[in-house]
Structure formats: structure tokens, C-alpha cells
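With mmCIF, C-alpha atoms and all ligand atoms inside, this is protein.cif:
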data_entry
#
loop_
_atom_site.label_atom_id
_atom_site.label_comp_id
_atom_site.auth_asym_id
_atom_site.auth_seq_id
_atom_site.Cartn_x
_atom_site.Cartn_y
_atom_site.Cartn_z
CA MET A 31 -86.01 -144.42 87.21
CA GLN A 32 -83.16 -142.11 86.26
CA GLY A 33 -79.99 -143.13 84.51
CA LEU A 34 -78.01 -143.03 81.28
CA TRP A 35 -79.02 -144.36 77.92
CA LEU A 36 -76.39 -144.96 75.25
CA SER A 37 -77.63 -145.21 71.73
CA ASN A 38 -75.72 -144.91 68.45
CA GLY A 39 -72.73 -143.47 70.28
CA SER A 40 -74.54 -140.69 72.12
CA TRP A 41 -75.15 -140.52 75.85
CA ALA A 42 -78.42 -139.19 77.27
CA PHE A 43 -79.56 -138.65 80.85
CA LYS A 44 -83.12 -139.91 81.25
CA THR A 45 -85.59 -139.84 84.13
CA ASP A 46 -88.14 -142.17 82.57
CA LEU A 47 -86.16 -145.40 82.18
CA LEU A 48 -88.16 -148.54 82.85
CA ASP A 49 -87.40 -150.18 86.19
CA PRO A 50 -85.39 -153.40 85.76
CA VAL A 51 -87.30 -156.66 85.52
CA VAL A 52 -86.13 -158.85 88.40
CA GLY A 53 -86.21 -162.49 87.35
CA LEU A 54 -86.32 -165.66 89.40
CA ASP A 55 -83.10 -166.04 91.42
CA GLU A 56 -82.17 -162.42 90.78
CA SER A 57 -81.83 -159.41 93.06
CA LEU A 58 -82.61 -155.75 92.63
CA VAL A 59 -79.54 -153.62 93.37
CA ALA A 60 -79.56 -149.88 94.11
CA VAL A 61 -76.43 -148.41 92.51
CA GLN A 62 -74.20 -146.34 94.80
CA ALA A 63 -71.32 -145.63 92.42
CA ALA A 64 -70.26 -146.86 88.99
CA GLY A 65 -66.93 -146.26 87.26
CA ILE A 66 -66.42 -145.11 83.69
CA CYS A 67 -64.06 -147.53 81.96
CA GLY A 68 -62.32 -147.62 78.59
CA THR A 69 -64.81 -150.27 77.51
CA ASP A 70 -67.66 -147.77 78.00
CA LEU A 71 -65.90 -145.36 75.66
CA GLU A 72 -65.44 -148.20 73.15
CA LEU A 73 -69.17 -149.02 73.44
CA ALA A 74 -69.89 -145.41 72.55
CA ARG A 75 -67.71 -145.87 69.46
CA GLY A 76 -69.76 -148.87 68.35
CA TYR A 77 -67.96 -151.82 69.93
CA TYR A 78 -70.56 -154.63 70.43
CA ASP A 79 -73.45 -152.65 68.93
CA PHE A 80 -74.75 -151.78 72.41
CA ASN A 81 -77.88 -149.67 72.86
CA GLY A 82 -79.12 -149.34 76.42
CA ILE A 83 -77.85 -148.65 79.94
CA PRO A 84 -74.06 -149.22 80.13
CA GLY A 85 -71.93 -149.47 83.29
CA HIS A 86 -70.20 -152.62 84.55
CA GLU A 87 -67.88 -151.45 87.36
CA PHE A 88 -70.12 -150.73 90.31
CA VAL A 89 -70.93 -151.06 93.96
CA GLY A 90 -74.52 -151.01 95.14
CA ARG A 91 -76.84 -152.12 97.89
CA ALA A 92 -79.09 -155.12 97.33
CA VAL A 93 -82.70 -154.15 98.01
CA SER A 94 -84.13 -157.63 97.48
CA GLY A 95 -82.94 -161.20 97.19
CA ALA A 96 -80.32 -163.24 98.99
CA PHE A 97 -78.16 -160.26 99.98
CA ALA A 98 -80.93 -157.74 100.80
CA GLY A 99 -79.51 -154.84 102.79
CA GLN A 100 -75.88 -155.64 102.03
CA ARG A 101 -73.45 -153.81 99.76
CA VAL A 102 -72.60 -155.90 96.73
CA VAL A 103 -70.44 -156.06 93.61
CA ALA A 104 -71.02 -158.45 90.71
CA ASP A 105 -69.38 -160.84 88.31
CA ILE A 106 -70.67 -159.25 85.10
CA ASN A 107 -70.61 -162.37 82.88
CA LEU A 108 -73.89 -164.28 82.81
CA GLY A 109 -73.62 -167.70 81.16
CA CYS A 110 -76.51 -169.94 80.07
CA GLY A 111 -75.67 -172.41 82.84
CA GLN A 112 -76.33 -175.38 80.53
CA CYS A 113 -73.50 -175.64 78.02
CA LEU A 114 -70.20 -177.49 78.45
CA ARG A 115 -68.27 -174.28 79.08
CA CYS A 116 -70.70 -173.13 81.77
CA GLN A 117 -70.59 -176.55 83.39
CA ALA A 118 -66.78 -176.46 83.32
CA GLY A 119 -66.95 -173.16 85.23
CA VAL A 120 -65.88 -170.90 82.35
CA HIS A 121 -69.23 -169.14 81.96
CA ARG A 122 -67.38 -166.03 80.80
CA HIS A 123 -66.76 -167.91 77.53
CA CYS A 124 -70.32 -169.24 77.15
CA ALA A 125 -71.43 -168.64 73.55
CA GLU A 126 -74.85 -167.52 74.84
CA ARG A 127 -73.51 -165.24 77.55
CA VAL A 128 -74.73 -161.75 78.19
CA VAL A 129 -72.53 -159.23 79.97
CA ILE A 130 -73.90 -156.64 82.37
CA GLY A 131 -73.55 -153.17 80.85
CA ILE A 132 -71.63 -154.45 77.81
CA HIS A 133 -73.60 -157.05 75.88
CA GLN A 134 -77.40 -157.48 75.88
CA ARG A 135 -77.95 -156.70 79.54
CA ALA A 136 -78.66 -153.38 81.26
CA GLY A 137 -75.83 -152.04 83.37
CA ALA A 138 -75.17 -149.86 86.38
CA PHE A 139 -75.42 -146.30 85.03
CA ALA A 140 -78.92 -146.13 86.50
CA GLN A 141 -80.59 -146.03 89.91
CA PHE A 142 -81.23 -149.77 89.85
CA LEU A 143 -80.20 -152.91 88.01
CA SER A 144 -81.10 -156.56 88.39
CA VAL A 145 -78.37 -159.17 88.89
CA PRO A 146 -78.61 -162.98 89.21
CA ASN A 147 -77.95 -163.93 92.84
CA LYS A 148 -75.15 -166.26 91.84
CA ASN A 149 -73.27 -163.32 90.28
CA LEU A 150 -73.42 -161.15 93.42
CA LEU A 151 -70.67 -160.90 96.02
CA PRO A 152 -71.24 -159.19 99.36
CA VAL A 153 -68.74 -156.45 100.23
CA ASP A 154 -67.17 -156.28 103.67
CA GLU A 155 -68.42 -153.16 105.50
CA ASP A 156 -64.78 -152.18 106.17
CA LEU A 157 -64.13 -151.73 102.43
CA SER A 158 -64.98 -148.21 101.21
CA ASP A 159 -67.16 -147.61 98.15
CA GLY A 160 -64.14 -145.93 96.52
CA LEU A 161 -62.24 -149.22 96.69
CA ALA A 162 -65.15 -151.64 96.20
CA VAL A 163 -66.01 -150.02 92.88
CA LEU A 164 -62.56 -151.11 91.67
CA ALA A 165 -63.32 -154.81 92.21
CA GLU A 166 -64.10 -155.49 88.54
CA PRO A 167 -60.93 -153.91 87.10
CA VAL A 168 -58.79 -155.37 89.93
CA ALA A 169 -60.25 -158.80 89.07
CA ALA A 170 -59.25 -158.20 85.45
CA ALA A 171 -55.72 -157.36 86.62
CA LEU A 172 -55.58 -160.48 88.84
CA GLU A 173 -56.59 -162.60 85.84
CA ILE A 174 -53.06 -162.01 84.47
CA ILE A 175 -51.64 -163.77 87.54
CA GLU A 176 -54.16 -166.61 87.06
CA GLN A 177 -53.15 -167.09 83.43
CA MET A 178 -49.38 -166.68 83.52
CA PRO A 179 -47.24 -169.82 83.84
CA LYS A 180 -45.49 -170.05 87.23
CA PRO A 181 -43.02 -169.07 88.46
CA LEU A 182 -43.76 -165.58 87.20
CA PRO A 183 -40.95 -163.83 85.33
CA SER A 184 -39.33 -161.35 87.72
CA ARG A 185 -39.56 -158.26 85.45
CA VAL A 186 -42.59 -156.91 83.63
CA LEU A 187 -43.37 -153.86 81.50
CA VAL A 188 -46.89 -152.40 81.67
CA VAL A 189 -47.68 -150.23 78.65
CA GLY A 190 -50.19 -147.46 79.33
CA ALA A 191 -51.12 -145.60 82.51
CA GLY A 192 -54.87 -145.40 82.17
CA ARG A 193 -56.92 -146.71 85.10
CA LEU A 194 -56.35 -150.32 84.05
CA GLY A 195 -52.61 -149.90 83.50
CA LEU A 196 -52.21 -148.33 86.94
CA LEU A 197 -54.21 -151.10 88.62
CA VAL A 198 -52.34 -153.82 86.71
CA SER A 199 -49.06 -152.26 87.89
CA GLU A 200 -50.22 -152.20 91.52
CA VAL A 201 -51.45 -155.80 91.36
CA LEU A 202 -48.28 -157.15 89.73
CA ALA A 203 -46.08 -155.21 92.17
CA SER A 204 -48.03 -156.77 95.07
CA PHE A 205 -46.92 -160.18 93.73
CA GLU A 206 -43.31 -159.02 94.11
CA CYS A 207 -42.78 -158.50 90.40
CA ASP A 208 -40.28 -155.82 89.36
CA VAL A 209 -42.75 -153.54 87.52
CA THR A 210 -41.92 -150.80 85.03
CA ILE A 211 -44.79 -148.73 83.65
CA LEU A 212 -44.53 -146.83 80.38
CA VAL A 213 -46.52 -143.60 80.63
CA ARG A 214 -47.27 -141.04 77.94
CA SER A 215 -48.26 -138.35 80.40
CA PRO A 216 -45.91 -138.23 83.45
CA GLU A 217 -48.76 -136.73 85.55
CA ARG A 218 -50.31 -140.18 85.65
CA ALA A 219 -47.43 -141.45 87.80
CA VAL A 220 -48.72 -139.49 90.83
CA HIS A 221 -51.51 -142.05 91.13
CA LEU A 222 -49.09 -144.93 91.72
CA GLN A 223 -49.06 -145.97 95.37
CA ASN A 224 -46.48 -148.77 95.39
CA LYS A 225 -43.18 -146.90 95.37
CA SER A 226 -41.28 -149.84 93.88
CA ILE A 227 -42.98 -149.31 90.49
CA GLN A 228 -40.58 -147.65 88.04
CA VAL A 229 -42.00 -145.02 85.70
CA VAL A 230 -40.52 -144.45 82.23
CA THR A 231 -41.63 -142.29 79.31
CA SER A 232 -39.70 -144.18 76.64
CA ILE A 233 -38.39 -147.68 76.26
CA GLU A 234 -35.38 -149.39 74.73
CA SER A 235 -36.25 -151.91 72.08
CA GLU A 236 -36.15 -155.61 73.04
CA SER A 237 -35.78 -155.05 76.77
CA PHE A 238 -38.59 -157.06 78.41
CA GLY A 239 -39.46 -160.75 78.43
CA TRP A 240 -42.94 -160.12 79.87
CA LEU A 241 -45.17 -157.25 78.82
CA VAL A 242 -48.77 -156.25 79.49
CA ASP A 243 -50.41 -153.92 76.99
CA CYS A 244 -53.00 -151.76 78.74
CA SER A 245 -52.74 -148.88 76.29
CA GLY A 246 -55.90 -149.52 74.30
CA SER A 247 -54.12 -148.00 71.30
CA SER A 248 -52.41 -149.33 68.22
CA SER A 249 -49.34 -147.17 68.99
CA GLY A 250 -49.13 -148.72 72.48
CA LEU A 251 -49.34 -152.21 71.03
CA THR A 252 -46.65 -151.34 68.46
CA THR A 253 -44.40 -150.10 71.29
CA ALA A 254 -44.99 -153.30 73.26
CA LEU A 255 -44.13 -155.45 70.23
CA ARG A 256 -40.91 -153.46 69.80
CA ALA A 257 -39.96 -153.67 73.51
CA ALA A 258 -40.42 -157.47 73.64
CA THR A 259 -37.33 -159.67 73.71
CA PRO A 260 -37.32 -162.84 71.57
CA GLN A 261 -39.69 -165.47 73.04
CA ALA A 262 -41.32 -162.91 75.34
CA THR A 263 -44.91 -163.17 76.60
CA LEU A 264 -47.19 -160.29 75.63
CA VAL A 265 -50.47 -160.03 77.55
CA LEU A 266 -53.21 -158.10 75.72
CA LYS A 267 -55.28 -156.57 78.49
CA SER A 268 -57.18 -153.63 77.07
CA THR A 269 -59.97 -153.41 74.55
CA LEU A 270 -58.29 -152.51 71.28
CA THR A 271 -60.63 -152.20 68.36
CA ASP A 272 -58.44 -150.26 65.94
CA ALA A 273 -55.50 -152.65 65.51
CA VAL A 274 -55.67 -152.21 61.74
CA GLY A 275 -52.21 -151.20 60.53
CA VAL A 276 -50.30 -152.69 63.49
CA ASP A 277 -47.32 -154.67 62.15
CA LEU A 278 -47.66 -158.09 63.82
CA SER A 279 -44.52 -159.53 62.20
CA PRO A 280 -42.56 -159.29 65.53
CA VAL A 281 -44.93 -161.95 66.92
CA MET A 282 -43.61 -164.43 64.35
CA VAL A 283 -40.02 -163.17 64.01
CA LYS A 284 -39.40 -163.04 67.77
CA GLU A 285 -41.63 -166.08 68.48
CA LEU A 286 -43.73 -164.17 71.01
CA THR A 287 -46.44 -165.77 73.09
CA VAL A 288 -49.55 -163.59 72.95
CA LEU A 289 -51.96 -164.04 75.84
CA GLY A 290 -55.41 -162.45 75.66
CA SER A 291 -56.82 -161.56 79.06
CA ARG A 292 -60.27 -160.31 80.03
CA CYS A 293 -62.36 -160.64 83.20
CA GLY A 294 -61.01 -162.19 86.38
CA PRO A 295 -61.97 -163.57 89.79
CA MET A 296 -64.13 -161.10 91.73
CA ASP A 297 -63.76 -162.97 95.03
CA LYS A 298 -59.98 -162.67 94.84
CA ALA A 299 -60.32 -159.00 93.87
CA LEU A 300 -62.34 -158.26 97.01
CA ALA A 301 -59.79 -160.16 99.09
CA TRP A 302 -56.92 -158.24 97.43
CA LEU A 303 -58.61 -154.90 98.08
CA GLY A 304 -59.47 -155.95 101.64
CA ALA A 305 -55.83 -156.84 102.30
CA GLY A 306 -54.97 -153.13 102.04
CA HIS A 307 -52.76 -153.17 98.95
CA LEU A 308 -54.35 -149.91 97.82
CA ASN A 309 -55.65 -146.75 99.50
CA ALA A 310 -58.73 -145.19 97.92
CA PRO A 311 -57.35 -143.40 94.84
CA LEU A 312 -58.15 -139.87 93.72
CA SER A 313 -61.50 -140.28 92.04
CA VAL A 314 -64.12 -137.73 91.10
CA CYS A 315 -67.84 -138.44 91.20
CA TYR A 316 -70.48 -136.88 88.96
CA PRO A 317 -74.26 -137.32 89.04
CA PHE A 318 -75.71 -139.16 86.04
CA SER A 319 -77.17 -135.87 84.76
CA ALA A 320 -73.62 -134.49 84.37
CA VAL A 321 -72.46 -137.36 82.17
CA HIS A 322 -70.89 -135.10 79.57
CA SER A 323 -68.71 -133.38 82.19
CA ALA A 324 -67.83 -136.82 83.53
CA LEU A 325 -66.75 -138.01 80.08
CA GLU A 326 -64.56 -134.89 79.74
CA ALA A 327 -63.03 -135.53 83.18
CA ALA A 328 -62.29 -139.13 82.15
CA LYS A 329 -59.83 -137.70 79.60
CA GLU A 330 -57.96 -135.72 82.29
CA PRO A 331 -54.82 -137.38 83.66
CA ARG A 332 -55.22 -135.81 87.12
CA PHE A 333 -58.09 -138.12 88.09
CA PHE A 334 -57.41 -141.77 88.70
CA LYS A 335 -61.01 -142.73 88.10
CA VAL A 336 -64.25 -140.99 87.19
CA LEU A 337 -67.38 -142.30 88.89
CA LEU A 338 -71.06 -141.71 88.27
CA GLU A 339 -73.79 -141.84 90.87
CA PRO A 340 -77.56 -141.30 90.96
CA ASP A 341 -78.67 -137.65 91.17
CA GLN A 342 -79.88 -136.71 94.65
CA ARG A 343 -83.54 -135.80 94.59
ZN ZN B 1 -64.30 -152.00 82.65
ZN ZN B 2 -73.31 -171.53 78.70
#
So that I can check it, write out the structure of this file as C-alpha cells.
Amino acid sequence: MQGLWLSNGSWAFKTDLLDPVVGLDESLVAVQAAGICGTDLELARGYYDFNGIPGHEFVGRAVSGAFAGQRVVADINLGCGQCLRCQAGVHRHCAERVVIGIHQRAGAFAQFLSVPNKNLLPVDEDLSDGLAVLAEPVAAALEIIEQMPKPLPSRVLVVGAGRLGLLVSEVLASFECDVTILVRSPERAVHLQNKSIQVVTSIESESFGWLVDCSGSSSGLTTALRAATPQATLVLKSTLTDAVGVDLSPVMVKELTVLGSRCGPMDKALAWLGAGHLNAPLSVCYPFSAVHSALEAAKEPRFFKVLLEPDQR
């Protein structure tokens, strides 16, 4: 089959990839579209020592198994099913877990992938591919709501206007939070659909009691630490692998609560998308063979999201 192979930081389009092995209680899924995410770029920089087929934000059509014929998305964390964490329902923290397209399991930048049936969720036919492919990052954004103590603080600052920062802003605004987003490039603000979200390009120090860092950069994290009021809650949402040199003393001096946040509930993400909170955003889709153009486009602020799809043959 055709698809992308990432090895030692370089991306290659291949037409001779081995078809996925479909295990017991797994389904074969034909990929329709898969999004490029900041984590994919981190994988290319050596995060998790990943060699193989990446891609973890996708929508496809099941060609075998319990959902054969239906469009599906997937919970990407595969636990062992045996340990105490798996049995307590937190398989995403299983020590033996593999993660589709991120850690020891082939992902969706290929014509096909195999997925355990219990990780698949059918997608309502009314939901477009352009929205369904956002289920994984929307779930990650909803995880903030799951984790935060209630009632939620009324004001929140989102740092960073990459795809995740924009989605986090939309999700938090839909929960009636007063959202301010700090953008580096004002062009990114055109992608915001909820008009109540305030856009700023700089921030006063010590002005927010709740902050979500989606910047993926040490400078973004430093800004968030500076913008936090004493006793604020700082949610770390993006993959940041170069935090070396960030001065963490504000965490202690201001007694901040730091909340790490990763994957979230896919069922709630599909429900949130189905409720019409978002119109399909401006995305651009490249065939797998044009991966290098796609990676260039992913750096351009004018696209909300860059997708990859199988080459038509
Ligand atoms: Zn992602
Ligand atoms: Zn386990």
C-alpha cells in the first residue's frame, strides 16, 4: 500500500508499505483524511524515537470488523487491558500502552491501518470529513474541561494560535468562558469562528487566573508564566520538548497549579462537533506523495489545518 514512512526525522512517500496486520477484535480502516499535528512535527524531531507510519488525527471507513462500511474515528491510546490503570478506565496511562501513529503502532498516513474495535467510534453521516478529522484534537481540548475543578473560572487566556490553540479557544468559549487568545501572527485570528473570543498580540503581566499554554514553545510557556496571577492554574496542553532554559520559579513564587493535559474523550468530541459549535474550517488537503509541500503549508498561518489523503490512482 502507499503511505508515508518517517525514519530518523525524514519523511518518505512509499508505495510498497506492508498492509497492516489485522488482529483478533481489530478492524481494517481505509483512511479518508488525516491531519498533520504539532506532535507529528515533534516526532520528526526525535520525540518518542518513532520510526514508521505516523498520523493520529484521522477519519476513515471501516472495511472489516464491527463497523464495516461506516465512517469511523479512533481513540488512539491502546492499553494492555489487564493492569490496574486499564481496569480503572485510564488506559491512556497504561505503562504498556501503544499509541496509534505516535508510539509503537502504525498510524493513519497510509491507505489503511488496523484499529482495535473497542477504540473505534462510528461517525454520524451528517458530520463532514472536514469536521470529523478534528475529533482527536477537539477531544484533547475537551479534556481541559474534564480536568478543571468546577465551577470553571470565568476568564481564561489561551497562549498560541496554532490548530490546537484555536480549537481550545472555541471549545472553552462554547462553555461560556470569557476567552482571550494570545496570537503571534494576527492572521491566525481569521480562523476563529466564535466572535466572543478576544484576540491580543501582547499581554500584561499577572493578568489571568487560568491559562492554557498551547504554544508548543519555551517562549510561549515563559509568557504564560509571566501572565499568571498568584495562585493561578496553568494548563500545559501542547507537546513541549525544548523547555530547557525556561525559568520555572514563578510556579513556586506565585504558587501556581500546573495541570498537564493530553488526550480526551472522543465520544464527547463527536457530540461537540455534531452540536454545530464549529463550521468546517479552512483546511488544505495534499496527497501523501506531496508530503513535503504539505509540511511547508503547515507552517503557513493562512490554513487552519493541513490534511493528507491517499493519492488517487
Ligand atoms: Zn495531534
Ligand atoms: Zn494496561
key: Exercise answer, 6 Å around ligand ZN 1 (chain B) with all atoms listed in the file, as a PyMOL selection string   = chain A and resi 67+69+87+167
Kindly assemble as a tab-separated table a list of the chain A residues that lie within 8 Å of ligand ZN 2 (chain B), each paired with its nearest atom pair and their distance in Å to one decimal, using only C-alpha atoms and all ligand atoms, sorted first by chain and then by ascending residue number.
residue	atom	partner	partner_atom	distance
A:Gly109	CA	B:ZN2	ZN	4.6
A:Cys110	CA	B:ZN2	ZN	3.8
A:Gly111	CA	B:ZN2	ZN	4.8
A:Gln112	CA	B:ZN2	ZN	5.2
A:Cys113	CA	B:ZN2	ZN	4.2
A:Leu114	CA	B:ZN2	ZN	6.7
A:Arg115	CA	B:ZN2	ZN	5.8
A:Cys116	CA	B:ZN2	ZN	4.3
A:Gln117	CA	B:ZN2	ZN	7.4
A:His121	CA	B:ZN2	ZN	5.7
A:His123	CA	B:ZN2	ZN	7.6
A:Cys124	CA	B:ZN2	ZN	4.1
A:Ala125	CA	B:ZN2	ZN	6.2
A:Glu126	CA	B:ZN2	ZN	5.8
A:Arg127	CA	B:ZN2	ZN	6.4
Output C-alpha atoms for every residue in that selection, as a PDB file, keeping the file's coordinate frame.
ATOM      1  CA  GLY A 109     -73.620-167.700  81.160  1.00  0.00           C
ATOM      2  CA  CYS A 110     -76.510-169.940  80.070  1.00  0.00           C
ATOM      3  CA  GLY A 111     -75.670-172.410  82.840  1.00  0.00           C
ATOM      4  CA  GLN A 112     -76.330-175.380  80.530  1.00  0.00           C
ATOM      5  CA  CYS A 113     -73.500-175.640  78.020  1.00  0.00           C
ATOM      6  CA  LEU A 114     -70.200-177.490  78.450  1.00  0.00           C
ATOM      7  CA  ARG A 115     -68.270-174.280  79.080  1.00  0.00           C
ATOM      8  CA  CYS A 116     -70.700-173.130  81.770  1.00  0.00           C
ATOM      9  CA  GLN A 117     -70.590-176.550  83.390  1.00  0.00           C
ATOM     10  CA  HIS A 121     -69.230-169.140  81.960  1.00  0.00           C
ATOM     11  CA  HIS A 123     -66.760-167.910  77.530  1.00  0.00           C
ATOM     12  CA  CYS A 124     -70.320-169.240  77.150  1.00  0.00           C
ATOM     13  CA  ALA A 125     -71.430-168.640  73.550  1.00  0.00           C
ATOM     14  CA  GLU A 126     -74.850-167.520  74.840  1.00  0.00           C
ATOM     15  CA  ARG A 127     -73.510-165.240  77.550  1.00  0.00           C
TER      16      ARG A 127
END
request  = Give me the residues within 9 Å of Pro331 (chain A) as a list of chain:residue names, counting all atoms listed in the file and dropping any in the same chain fewer than 4 places off.
outcome  =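 These residues fall inside the cut-off: A:Gly192, A:Ser215, A:Pro216, A:Glu217, A:Arg218, A:Ala327.
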Need to verify the contact set: Glu166 (chain A), 10 Å, all atoms listed in the file, exclusion of same-chain residues closer than 5 positions in sequence. Can you return it as a PDB file with C-alpha atoms, in the coordinates of the input?
ATOM      1  CA  GLY A  65     -66.930-146.260  87.260  1.00  0.00           C
ATOM      2  CA  HIS A  86     -70.200-152.620  84.550  1.00  0.00           C
ATOM      3  CA  GLU A  87     -67.880-151.450  87.360  1.00  0.00           C
ATOM      4  CA  PHE A  88     -70.120-150.730  90.310  1.00  0.00           C
ATOM      5  CA  VAL A  89     -70.930-151.060  93.960  1.00  0.00           C
ATOM      6  CA  VAL A 103     -70.440-156.060  93.610  1.00  0.00           C
ATOM      7  CA  ALA A 104     -71.020-158.450  90.710  1.00  0.00           C
ATOM      8  CA  ASP A 105     -69.380-160.840  88.310  1.00  0.00           C
ATOM      9  CA  ILE A 106     -70.670-159.250  85.100  1.00  0.00           C
ATOM     10  CA  ALA A 171     -55.720-157.360  86.620  1.00  0.00           C
ATOM     11  CA  LEU A 172     -55.580-160.480  88.840  1.00  0.00           C
ATOM     12  CA  CYS A 293     -62.360-160.640  83.200  1.00  0.00           C
ATOM     13  CA  GLY A 294     -61.010-162.190  86.380  1.00  0.00           C
ATOM     14  CA  PRO A 295     -61.970-163.570  89.790  1.00  0.00           C
ATOM     15  CA  MET A 296     -64.130-161.100  91.730  1.00  0.00           C
ATOM     16  CA  ASP A 297     -63.760-162.970  95.030  1.00  0.00           C
ATOM     17  CA  ALA A 299     -60.320-159.000  93.870  1.00  0.00           C
ATOM     18  CA  LEU A 300     -62.340-158.260  97.010  1.00  0.00           C
TER      19      LEU A 300
END
ask   = Need the neighbours of (-77.4, -152.5, 73.6): which residues are at most 10 Å away, counting only C-alpha atoms, as an MDAnalysis selection string?
value = chainID A and resid 35:38 73 76 78:84 131:137
Take the residues from that selection and put them in a file with C-alpha atoms, as a tab-separated table (two decimals), in the frame of the given file.
chain	number	residue	atom	x	y	z
A	35	TRP	CA	-79.02	-144.36	77.92
A	36	LEU	CA	-76.39	-144.96	75.25
A	37	SER	CA	-77.63	-145.21	71.73
A	38	ASN	CA	-75.72	-144.91	68.45
A	73	LEU	CA	-69.17	-149.02	73.44
A	76	GLY	CA	-69.76	-148.87	68.35
A	78	TYR	CA	-70.56	-154.63	70.43
A	79	ASP	CA	-73.45	-152.65	68.93
A	80	PHE	CA	-74.75	-151.78	72.41
A	81	ASN	CA	-77.88	-149.67	72.86
A	82	GLY	CA	-79.12	-149.34	76.42
A	83	ILE	CA	-77.85	-148.65	79.94
A	84	PRO	CA	-74.06	-149.22	80.13
A	131	GLY	CA	-73.55	-153.17	80.85
A	132	ILE	CA	-71.63	-154.45	77.81
A	133	HIS	CA	-73.60	-157.05	75.88
A	134	GLN	CA	-77.40	-157.48	75.88
A	135	ARG	CA	-77.95	-156.70	79.54
A	136	ALA	CA	-78.66	-153.38	81.26
A	137	GLY	CA	-75.83	-152.04	83.37
query = Quick one, how far is CA of Leu71 (chain A) from CA of Trp302 (chain A)?
reply =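 Separating CA of Leu71 (chain A) from CA of Trp302 (chain A) is a distance of 26.8 Å.
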request  = Please return, as a ChimeraX atom specification, all polymer residues that have at least one atom within 12 Å of the point (-51.6, -148.2, 81.5); use all atoms listed in the file and the file's own coordinate frame.
outcome  = /A:68,171,187-200,209-216,218-219,221-222,229-231,241-247,250-251,254,266-268,331,334
ask   = So which one's closest to Ala63 (chain A), A:Asp46, A:Asp159, A:Asp272, A:Glu176? Using only C-alpha atoms, please.
value = A:Asp159
Counting all atoms listed in the file, the residue of A:Lys329, A:Lys335, A:Arg185, A:Lys298 that sits nearest Leu312 (chain A) =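 Checking each of A:Lys329, A:Lys335, A:Arg185, A:Lys298 against Leu312 (chain A), counting all atoms listed in the file, the winner is A:Lys335.
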